[in-house]
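Trainee: Got a structure for you, model-v8.cif, holding mmCIF, C-alpha atoms.
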```cif
data_input
#
loop_
_atom_site.group_PDB
_atom_site.id
_atom_site.type_symbol
_atom_site.label_atom_id
_atom_site.label_comp_id
_atom_site.auth_asym_id
_atom_site.auth_seq_id
_atom_site.Cartn_x
_atom_site.Cartn_y
_atom_site.Cartn_z
ATOM 1 C CA MET J 28 -47.904 231.319 88.563
ATOM 2 C CA ILE J 29 -45.302 230.259 86.005
ATOM 3 C CA LEU J 30 -46.733 228.907 82.793
ATOM 4 C CA GLU J 31 -44.593 227.321 80.093
ATOM 5 C CA THR J 32 -45.711 226.865 76.499
ATOM 6 C CA ASP J 33 -44.154 225.847 73.213
ATOM 7 C CA VAL J 34 -45.987 228.558 71.283
ATOM 8 C CA ARG J 35 -42.710 230.167 70.157
ATOM 9 C CA ASP J 36 -41.692 226.937 68.437
ATOM 10 C CA PHE J 37 -44.732 227.514 66.240
ATOM 11 C CA SER J 38 -44.602 231.306 65.889
ATOM 12 C CA ASP J 39 -40.909 232.177 65.547
ATOM 13 C CA PRO J 40 -40.343 230.612 62.117
ATOM 14 C CA THR J 41 -43.322 232.455 60.656
ATOM 15 C CA CYS J 42 -43.883 235.793 62.381
ATOM 16 C CA ASP J 43 -42.500 238.593 64.554
ATOM 17 C CA TRP J 44 -43.080 237.600 68.203
ATOM 18 C CA THR J 45 -43.686 241.171 69.386
ATOM 19 C CA TRP J 46 -46.814 241.374 67.248
ATOM 20 C CA TYR J 47 -47.889 237.746 67.740
ATOM 21 C CA VAL J 48 -47.447 237.662 71.515
ATOM 22 C CA TYR J 49 -50.855 239.163 72.253
ATOM 23 C CA GLY J 50 -52.673 236.377 70.420
ATOM 24 C CA ALA J 51 -50.773 233.850 72.541
ATOM 25 C CA LEU J 52 -51.437 235.800 75.739
ATOM 26 C CA ILE J 53 -55.127 236.205 75.018
ATOM 27 C CA GLY J 54 -55.473 232.491 74.311
ATOM 28 C CA THR J 55 -53.567 231.582 77.474
ATOM 29 C CA SER J 56 -55.634 234.036 79.531
ATOM 30 C CA ILE J 57 -58.842 232.463 78.314
ATOM 31 C CA LEU J 58 -57.547 229.065 79.421
ATOM 32 C CA LEU J 59 -57.135 230.530 82.927
ATOM 33 C CA GLU J 60 -60.563 232.161 83.167
ATOM 34 C CA ARG J 61 -61.939 229.634 85.667
ATOM 35 C CA THR J 62 -59.372 230.690 88.282
ATOM 36 C CA HIS J 63 -58.292 234.207 87.246
ATOM 37 C CA ARG J 64 -60.712 237.080 86.740
ATOM 38 C CA THR J 65 -58.146 239.672 85.688
ATOM 39 C CA VAL J 66 -54.901 239.148 83.792
ATOM 40 C CA LEU J 67 -52.475 242.061 83.437
ATOM 41 C CA VAL J 68 -49.919 241.885 80.644
ATOM 42 C CA ALA J 69 -46.965 244.241 80.354
ATOM 43 C CA ALA J 70 -46.880 246.137 77.068
ATOM 44 C CA SER J 71 -43.678 245.443 75.193
ATOM 45 C CA VAL J 72 -44.031 248.386 72.811
ATOM 46 C CA ALA J 73 -45.279 251.863 73.724
ATOM 47 C CA ASP J 74 -48.433 253.034 71.975
ATOM 48 C CA ARG J 75 -46.534 255.885 70.309
ATOM 49 C CA HIS J 76 -44.623 253.328 68.201
ATOM 50 C CA LEU J 77 -47.747 251.579 66.943
ATOM 51 C CA PRO J 78 -50.259 252.294 64.188
ATOM 52 C CA ASP J 79 -53.437 254.070 65.339
ATOM 53 C CA GLU J 80 -55.585 250.949 64.847
ATOM 54 C CA ALA J 81 -53.326 248.860 67.100
ATOM 55 C CA VAL J 82 -53.468 251.571 69.787
ATOM 56 C CA ARG J 83 -57.255 251.662 69.554
ATOM 57 C CA LEU J 84 -57.507 247.886 69.926
ATOM 58 C CA ARG J 85 -55.072 247.762 72.848
ATOM 59 C CA GLY J 86 -57.080 250.419 74.659
ATOM 60 C CA HIS J 87 -59.956 248.004 75.171
ATOM 61 C CA GLY J 88 -59.815 245.045 77.513
ATOM 62 C CA PHE J 89 -59.658 241.596 75.972
ATOM 63 C CA GLY J 90 -61.333 238.576 77.390
ATOM 64 C CA THR J 91 -64.660 236.952 78.026
ATOM 65 C CA GLU J 92 -67.613 237.477 80.339
ATOM 66 C CA ARG J 93 -65.599 235.712 83.081
ATOM 67 C CA MET J 94 -62.093 237.144 82.581
ATOM 68 C CA ASP J 95 -60.588 240.519 81.672
ATOM 69 C CA MET J 96 -57.099 240.862 80.171
ATOM 70 C CA ARG J 97 -55.583 244.334 80.106
ATOM 71 C CA ILE J 98 -52.324 245.596 78.643
ATOM 72 C CA SER J 99 -50.472 247.671 81.205
ATOM 73 C CA GLY J 100 -47.653 250.197 80.725
ATOM 74 C CA ARG J 101 -48.626 251.271 77.237
ATOM 75 C CA ASP J 102 -47.457 254.839 77.784
ATOM 76 C CA GLN J 103 -43.763 254.022 78.378
ATOM 77 C CA THR J 104 -41.119 252.632 76.069
ATOM 78 C CA ARG J 105 -39.101 249.595 77.094
ATOM 79 C CA VAL J 106 -36.094 251.865 77.684
ATOM 80 C CA GLU J 107 -38.108 254.039 80.060
ATOM 81 C CA LYS J 108 -39.358 250.965 81.931
ATOM 82 C CA VAL J 109 -35.873 249.455 82.270
ATOM 83 C CA GLU J 110 -34.516 252.767 83.562
ATOM 84 C CA ALA J 111 -37.344 253.095 86.096
ATOM 85 C CA VAL J 112 -36.786 249.550 87.391
ATOM 86 C CA ALA J 113 -33.020 250.084 87.664
ATOM 87 C CA ARG J 114 -33.331 253.410 89.476
ATOM 88 C CA SER J 115 -35.983 252.117 91.885
ATOM 89 C CA GLY J 116 -33.737 249.301 93.064
ATOM 90 C CA ILE J 117 -36.752 247.048 93.627
ATOM 91 C CA ALA J 118 -35.559 244.317 91.268
ATOM 92 C CA ARG J 119 -31.823 244.989 91.477
ATOM 93 C CA ASP J 120 -31.029 241.400 92.505
ATOM 94 C CA THR J 121 -33.934 239.556 90.899
ATOM 95 C CA LEU J 122 -34.717 241.094 87.488
ATOM 96 C CA ARG J 123 -35.261 238.441 84.840
ATOM 97 C CA VAL J 124 -35.566 239.400 81.178
ATOM 98 C CA CYS J 125 -34.096 236.290 79.538
ATOM 99 C CA TRP J 126 -36.323 233.629 78.052
ATOM 100 C CA GLN J 127 -33.442 231.223 77.333
ATOM 101 C CA ASN J 128 -33.669 229.460 80.736
ATOM 102 C CA VAL J 129 -29.958 228.671 80.985
ATOM 103 C CA ALA J 130 -29.383 226.457 84.030
ATOM 104 C CA GLY J 131 -27.792 228.254 86.974
ATOM 105 C CA THR J 132 -28.499 231.764 85.702
ATOM 106 C CA VAL J 133 -31.264 234.309 86.003
ATOM 107 C CA ASN J 134 -30.242 235.918 82.695
ATOM 108 C CA CYS J 135 -27.817 234.366 80.193
ATOM 109 C CA GLY J 136 -26.337 237.791 79.367
ATOM 110 C CA THR J 137 -25.714 236.976 75.698
ATOM 111 C CA CYS J 138 -29.092 236.438 74.002
ATOM 112 C CA ASP J 139 -30.635 239.304 72.055
ATOM 113 C CA LYS J 140 -32.999 240.275 74.876
ATOM 114 C CA CYS J 141 -30.251 240.315 77.529
ATOM 115 C CA VAL J 142 -27.873 242.283 75.276
ATOM 116 C CA ARG J 143 -30.639 244.744 74.441
ATOM 117 C CA THR J 144 -31.493 245.202 78.142
ATOM 118 C CA VAL J 145 -27.846 245.851 79.088
ATOM 119 C CA ALA J 146 -27.708 248.397 76.243
ATOM 120 C CA GLU J 147 -30.869 250.048 77.604
ATOM 121 C CA LEU J 148 -29.265 250.278 81.042
ATOM 122 C CA ALA J 149 -26.126 251.833 79.544
ATOM 123 C CA ALA J 150 -28.138 254.191 77.341
ATOM 124 C CA THR J 151 -29.850 255.623 80.422
ATOM 125 C CA GLY J 152 -26.806 255.837 82.680
ATOM 126 C CA CYS J 153 -27.805 252.774 84.719
ATOM 127 C CA THR J 154 -24.918 250.447 83.839
ATOM 128 C CA GLY J 155 -24.187 248.000 86.632
ATOM 129 C CA MET J 156 -27.365 248.732 88.609
ATOM 130 C CA ILE J 157 -28.886 245.270 87.967
ATOM 131 C CA SER J 158 -26.810 242.448 89.452
ATOM 132 C CA THR J 159 -28.474 239.733 87.342
ATOM 133 C CA LEU J 160 -27.108 241.225 84.095
ATOM 134 C CA PRO J 161 -23.583 241.956 82.826
ATOM 135 C CA THR J 162 -22.137 245.212 84.143
ATOM 136 C CA GLU J 163 -20.891 246.367 80.726
ATOM 137 C CA VAL J 164 -22.316 246.365 77.231
ATOM 138 C CA ASP J 165 -20.651 243.991 74.786
ATOM 139 C CA LEU J 166 -20.592 246.451 71.888
ATOM 140 C CA ASP J 167 -19.762 243.746 69.324
ATOM 141 C CA LEU J 168 -22.749 241.632 70.385
ATOM 142 C CA LEU J 169 -24.917 244.739 70.355
ATOM 143 C CA ALA J 170 -23.772 245.712 66.853
ATOM 144 C CA ALA J 171 -24.606 242.172 65.695
ATOM 145 C CA HIS J 172 -28.134 242.326 67.176
ATOM 146 C CA PRO J 173 -30.650 241.424 64.474
ATOM 147 C CA ALA J 174 -32.619 244.476 63.415
ATOM 148 C CA VAL J 175 -34.724 242.958 60.683
ATOM 149 C CA THR J 176 -38.218 243.004 62.169
ATOM 150 C CA ARG J 177 -40.259 246.116 62.808
ATOM 151 C CA SER J 178 -40.190 245.491 66.561
ATOM 152 C CA ASP J 179 -36.403 244.941 66.642
ATOM 153 C CA ARG J 180 -35.930 248.214 64.811
ATOM 154 C CA ALA J 181 -38.300 250.055 67.174
ATOM 155 C CA PHE J 182 -36.490 248.722 70.269
ATOM 156 C CA LEU J 183 -33.028 249.499 68.908
ATOM 157 C CA THR J 184 -34.021 252.943 67.651
ATOM 158 C CA GLU J 185 -35.500 254.000 70.991
ATOM 159 C CA THR J 186 -32.366 252.698 72.752
ATOM 160 C CA ARG J 187 -30.111 254.583 70.322
ATOM 161 C CA ASP J 188 -32.099 257.775 70.915
ATOM 162 C CA ALA J 189 -31.711 257.333 74.694
ATOM 163 C CA ALA J 190 -27.975 256.701 74.298
ATOM 164 C CA LEU J 191 -27.583 259.920 72.329
ATOM 165 C CA ALA J 192 -29.643 261.842 74.901
ATOM 166 C CA HIS J 193 -27.483 260.487 77.764
ATOM 167 C CA ASP J 194 -24.140 261.048 75.962
ATOM 168 C CA GLU J 195 -23.345 257.361 75.386
ATOM 169 C CA PRO J 196 -21.821 257.613 71.877
ATOM 170 C CA ALA J 197 -20.256 254.120 71.832
ATOM 171 C CA VAL J 198 -23.624 252.497 72.588
ATOM 172 C CA ALA J 199 -25.350 254.692 69.987
ATOM 173 C CA ALA J 200 -22.704 253.794 67.368
ATOM 174 C CA ALA J 201 -23.102 250.040 68.008
ATOM 175 C CA LEU J 202 -26.881 250.406 67.679
ATOM 176 C CA ASP J 203 -26.453 252.350 64.437
ATOM 177 C CA ARG J 204 -24.339 249.469 63.072
ATOM 178 C CA ALA J 205 -27.073 246.981 64.016
ATOM 179 C CA LEU J 206 -29.760 249.146 62.452
ATOM 180 C CA ASP J 207 -27.682 249.649 59.276
ATOM 181 C CA ALA J 208 -27.055 245.910 58.958
ATOM 182 C CA GLY J 209 -30.748 245.203 59.456
ATOM 183 C CA THR J 210 -31.683 247.691 56.740
ATOM 184 C CA ALA J 211 -29.155 246.158 54.347
ATOM 185 C CA SER J 212 -30.457 242.633 54.901
ATOM 186 C CA SER J 213 -34.163 243.423 54.552
#
```
Write the structure described by the file as structure tokens, please.

Mentor:
Amino acid sequence: MILETDVRDFSDPTCDWTWYVYGALIGTSILLERTHRTVLVAASVADRHLPDEAVRLRGHGFGTERMDMRISGRDQTRVEKVEAVARSGIARDTLRVCWQNVAGTVNCGTCDKCVRTVAELAATGCTGMISTLPTEVDLDLLAAHPAVTRSDRAFLTETRDAALAHDEPAVAAALDRALDAGTASS
């Protein structure tokens, strides 16, 4: 089922989507309770990057007496998930991460989420393994990635750490520039 909402039009001007998304997902799940008994939602941030109270809350199912919503994949970072998907080959020709919905594309390749995903692929030695994304990191776009919110900084920091661990110094340097610019502007 594909469900489209305009909730980001409301949330983006006022709050960090990564932390707001669960409220939107819980509300949407409740709307579906007459036809769906269980709703699984992929965790965007690993528990180890969250405050203890958030981890405790995410450990319990959300929902009603008719529907259960659970957050899945809480033990892995986004970088670890992207690497696992790339290495498995399951979604090599179909992976969609972009929410821009550019006509004629699966992923636009230039929005923050696409650029971040390509950087995650490069940081783990998986460059070019996903045909729906660019085969090389645009280091200038990556360095310009906004790193103002807590979630942006968490994603970019974990990607930088992976790049350093996999000997990808150019990717790590671009991420450091983004993180430095985000610190300066906040």

Trainee: Work out how far apart CA of Lys108 (chain J) and CA of Asn134 (chain J) are and give it in Å to one decimal.

Mentor: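 About the pair CA of Lys108 (chain J) and CA of Asn134 (chain J): they are 17.6 Å apart.
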
Trainee: How would you write, as JSON, numbers by chain, the residues chosen by the PyMOL selection byres ((chain J and resi 51) around 12) on this structure?

Mentor: {"J": [31, 32, 33, 34, 35, 37, 38, 44, 45, 46, 47, 48, 49, 50, 52, 53, 54, 55, 56, 57, 58, 68]}

Trainee: Do you know which residues lie at most 12 Å from (-32.6, 242.0, 78.4), with coordinates as in the file and all atoms listed in the file counted, and could you write them as JSON, numbers by chain?

Mentor: {"J": [105, 106, 108, 109, 122, 123, 124, 125, 126, 127, 133, 134, 135, 136, 137, 138, 139, 140, 141, 142, 143, 144, 145, 146, 147, 148, 149, 157, 159, 160, 161, 164, 169, 182]}

Trainee: So that I can check the surroundings of Glu195 (chain J), please list as a JSON list (two decimals) with C-alpha atoms, in the coordinates of the input every protein, DNA and RNA residue that reaches within 12 Å of it, counting all atoms listed in the file and ignoring chain neighbours fewer than 2 positions away.

Mentor:
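New file result37.json:
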```
[["chain", "number", "residue", "atom", "x", "y", "z"],
["J", 146, "ALA", "CA", -27.71, 248.40, 76.24],
["J", 147, "GLU", "CA", -30.87, 250.05, 77.60],
["J", 148, "LEU", "CA", -29.26, 250.28, 81.04],
["J", 149, "ALA", "CA", -26.13, 251.83, 79.54],
["J", 150, "ALA", "CA", -28.14, 254.19, 77.34],
["J", 151, "THR", "CA", -29.85, 255.62, 80.42],
["J", 152, "GLY", "CA", -26.81, 255.84, 82.68],
["J", 153, "CYS", "CA", -27.80, 252.77, 84.72],
["J", 154, "THR", "CA", -24.92, 250.45, 83.84],
["J", 164, "VAL", "CA", -22.32, 246.36, 77.23],
["J", 166, "LEU", "CA", -20.59, 246.45, 71.89],
["J", 186, "THR", "CA", -32.37, 252.70, 72.75],
["J", 187, "ARG", "CA", -30.11, 254.58, 70.32],
["J", 188, "ASP", "CA", -32.10, 257.77, 70.92],
["J", 189, "ALA", "CA", -31.71, 257.33, 74.69],
["J", 190, "ALA", "CA", -27.98, 256.70, 74.30],
["J", 191, "LEU", "CA", -27.58, 259.92, 72.33],
["J", 192, "ALA", "CA", -29.64, 261.84, 74.90],
["J", 193, "HIS", "CA", -27.48, 260.49, 77.76],
["J", 197, "ALA", "CA", -20.26, 254.12, 71.83],
["J", 198, "VAL", "CA", -23.62, 252.50, 72.59],
["J", 199, "ALA", "CA", -25.35, 254.69, 69.99],
["J", 200, "ALA", "CA", -22.70, 253.79, 67.37],
["J", 201, "ALA", "CA", -23.10, 250.04, 68.01],
["J", 202, "LEU", "CA", -26.88, 250.41, 67.68]]
```

Trainee: Select, from J:Ala181, J:Ala118, J:Cys42, J:Val112, the residue with the minimum atom-to-atom distance to Asp74 (chain J), counting only C-alpha atoms.

Mentor: J:Ala181

Trainee: Would you mind reading off the distance between CA of Leu30 (chain J) and CA of Gly86 (chain J), one decimal, in Å?

Mentor: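 Between these atoms lies a distance of 25.2 Å.
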
Trainee: With all atoms listed in the file as the basis for distance, which of J:Ala174, J:Met156, J:Ala69, J:Ala130 is at the shortest distance from Arg114 (chain J)?

Mentor: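 The shortest atom-to-atom distance to Arg114 (chain J) comes from J:Met156.
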
Trainee: Looking at J:Arg64, J:Arg75, J:Arg101, J:Arg180, which one is nearest to His87 (chain J), with distances taken over all atoms listed in the file?

Mentor: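 Closest to His87 (chain J), using all atoms listed in the file: J:Arg101.
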
Trainee: Could you work out how far CA of Asp39 (chain J) lies from CA of Leu67 (chain J), giving the answer in Å with one decimal?

Mentor: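 Result for CA of Leu67 (chain J) versus CA of Asp39 (chain J): 23.5 Å, one decimal.
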
Trainee: Nearest to Ala170 (chain J) among J:Gly209, J:Gly116, J:Pro78, J:Gly100, with distances taken over all atoms listed in the file: which residue is it?

Mentor: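 So, comparing all the options, the nearest one is J:Gly209.
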
Trainee: Closest to Gly155 (chain J) among J:Glu80, J:Glu92, J:Asp36, J:Glu110, using all atoms listed in the file?

Mentor: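 Ranked by minimum distance to Gly155 (chain J), first place goes to J:Glu110.
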
Trainee: Provide region 80-91 of chain J rebuilt to all heavy atoms, formatted as a CSV table (one decimal), in the coordinates of the input.

Mentor:
```
chain,number,residue,atom,x,y,z
J,80,GLU,N,-54.6,252.0,64.7
J,80,GLU,CA,-55.6,250.9,64.8
J,80,GLU,C,-55.1,250.0,66.0
J,80,GLU,O,-56.0,249.6,66.8
J,80,GLU,CB,-55.8,250.2,63.5
J,80,GLU,CG,-56.8,249.0,63.6
J,80,GLU,CD,-58.2,249.5,64.0
J,80,GLU,OE1,-58.5,250.7,63.9
J,80,GLU,OE2,-59.0,248.6,64.3
J,81,ALA,N,-53.8,249.7,66.0
J,81,ALA,CA,-53.3,248.9,67.1
J,81,ALA,C,-53.5,249.5,68.5
J,81,ALA,O,-53.9,248.9,69.4
J,81,ALA,CB,-51.9,248.5,66.9
J,82,VAL,N,-53.3,250.8,68.5
J,82,VAL,CA,-53.5,251.6,69.8
J,82,VAL,C,-54.9,251.5,70.2
J,82,VAL,O,-55.3,251.3,71.4
J,82,VAL,CB,-53.0,253.0,69.6
J,82,VAL,CG1,-53.3,253.9,70.9
J,82,VAL,CG2,-51.5,253.1,69.4
J,83,ARG,N,-55.8,251.7,69.3
J,83,ARG,CA,-57.3,251.7,69.6
J,83,ARG,C,-57.6,250.3,70.1
J,83,ARG,O,-58.3,250.2,71.1
J,83,ARG,CB,-58.1,252.0,68.3
J,83,ARG,CG,-59.6,252.1,68.6
J,83,ARG,CD,-60.4,252.3,67.3
J,83,ARG,NE,-60.4,251.2,66.5
J,83,ARG,CZ,-61.1,250.0,66.7
J,83,ARG,NH1,-61.8,249.9,67.8
J,83,ARG,NH2,-61.0,249.0,65.9
J,84,LEU,N,-57.2,249.2,69.5
J,84,LEU,CA,-57.5,247.9,69.9
J,84,LEU,C,-56.9,247.6,71.3
J,84,LEU,O,-57.6,247.0,72.1
J,84,LEU,CB,-57.0,246.9,68.9
J,84,LEU,CG,-57.8,246.8,67.6
J,84,LEU,CD1,-57.0,245.9,66.6
J,84,LEU,CD2,-59.2,246.3,67.8
J,85,ARG,N,-55.7,248.0,71.5
J,85,ARG,CA,-55.1,247.8,72.8
J,85,ARG,C,-55.7,248.6,74.0
J,85,ARG,O,-55.6,248.2,75.1
J,85,ARG,CB,-53.6,248.1,72.8
J,85,ARG,CG,-52.8,247.1,72.0
J,85,ARG,CD,-51.3,247.2,72.0
J,85,ARG,NE,-50.7,248.3,72.7
J,85,ARG,CZ,-49.4,248.3,73.1
J,85,ARG,NH1,-48.7,247.2,72.9
J,85,ARG,NH2,-48.8,249.3,73.6
J,86,GLY,N,-56.4,249.6,73.6
J,86,GLY,CA,-57.1,250.4,74.7
J,86,GLY,C,-58.3,249.8,75.3
J,86,GLY,O,-58.8,250.2,76.3
J,87,HIS,N,-58.8,248.7,74.7
J,87,HIS,CA,-60.0,248.0,75.2
J,87,HIS,C,-59.5,246.7,75.8
J,87,HIS,O,-58.5,246.1,75.4
J,87,HIS,CB,-60.9,247.6,74.0
J,87,HIS,CG,-61.5,248.8,73.3
J,87,HIS,ND1,-62.4,249.6,73.8
J,87,HIS,CD2,-61.2,249.3,72.1
J,87,HIS,CE1,-62.7,250.6,73.0
J,87,HIS,NE2,-61.9,250.4,71.9
J,88,GLY,N,-60.2,246.3,76.9
J,88,GLY,CA,-59.8,245.0,77.5
J,88,GLY,C,-60.1,243.9,76.6
J,88,GLY,O,-61.0,244.0,75.7
J,89,PHE,N,-59.4,242.8,76.7
J,89,PHE,CA,-59.7,241.6,76.0
J,89,PHE,C,-60.2,240.6,77.0
J,89,PHE,O,-60.0,240.7,78.1
J,89,PHE,CB,-58.4,241.0,75.4
J,89,PHE,CG,-57.7,241.9,74.4
J,89,PHE,CD1,-56.7,242.8,74.8
J,89,PHE,CD2,-58.0,241.9,73.1
J,89,PHE,CE1,-56.1,243.6,73.9
J,89,PHE,CE2,-57.4,242.7,72.2
J,89,PHE,CZ,-56.4,243.6,72.6
J,90,GLY,N,-60.9,239.6,76.5
J,90,GLY,CA,-61.3,238.6,77.4
J,90,GLY,C,-62.7,238.1,77.1
J,90,GLY,O,-63.2,238.1,76.0
J,91,THR,N,-63.3,237.6,78.1
J,91,THR,CA,-64.7,237.0,78.0
J,91,THR,C,-65.5,237.5,79.1
J,91,THR,O,-65.1,238.4,79.9
J,91,THR,CB,-64.6,235.4,78.2
J,91,THR,OG1,-64.2,235.2,79.6
J,91,THR,CG2,-63.5,234.8,77.3
```
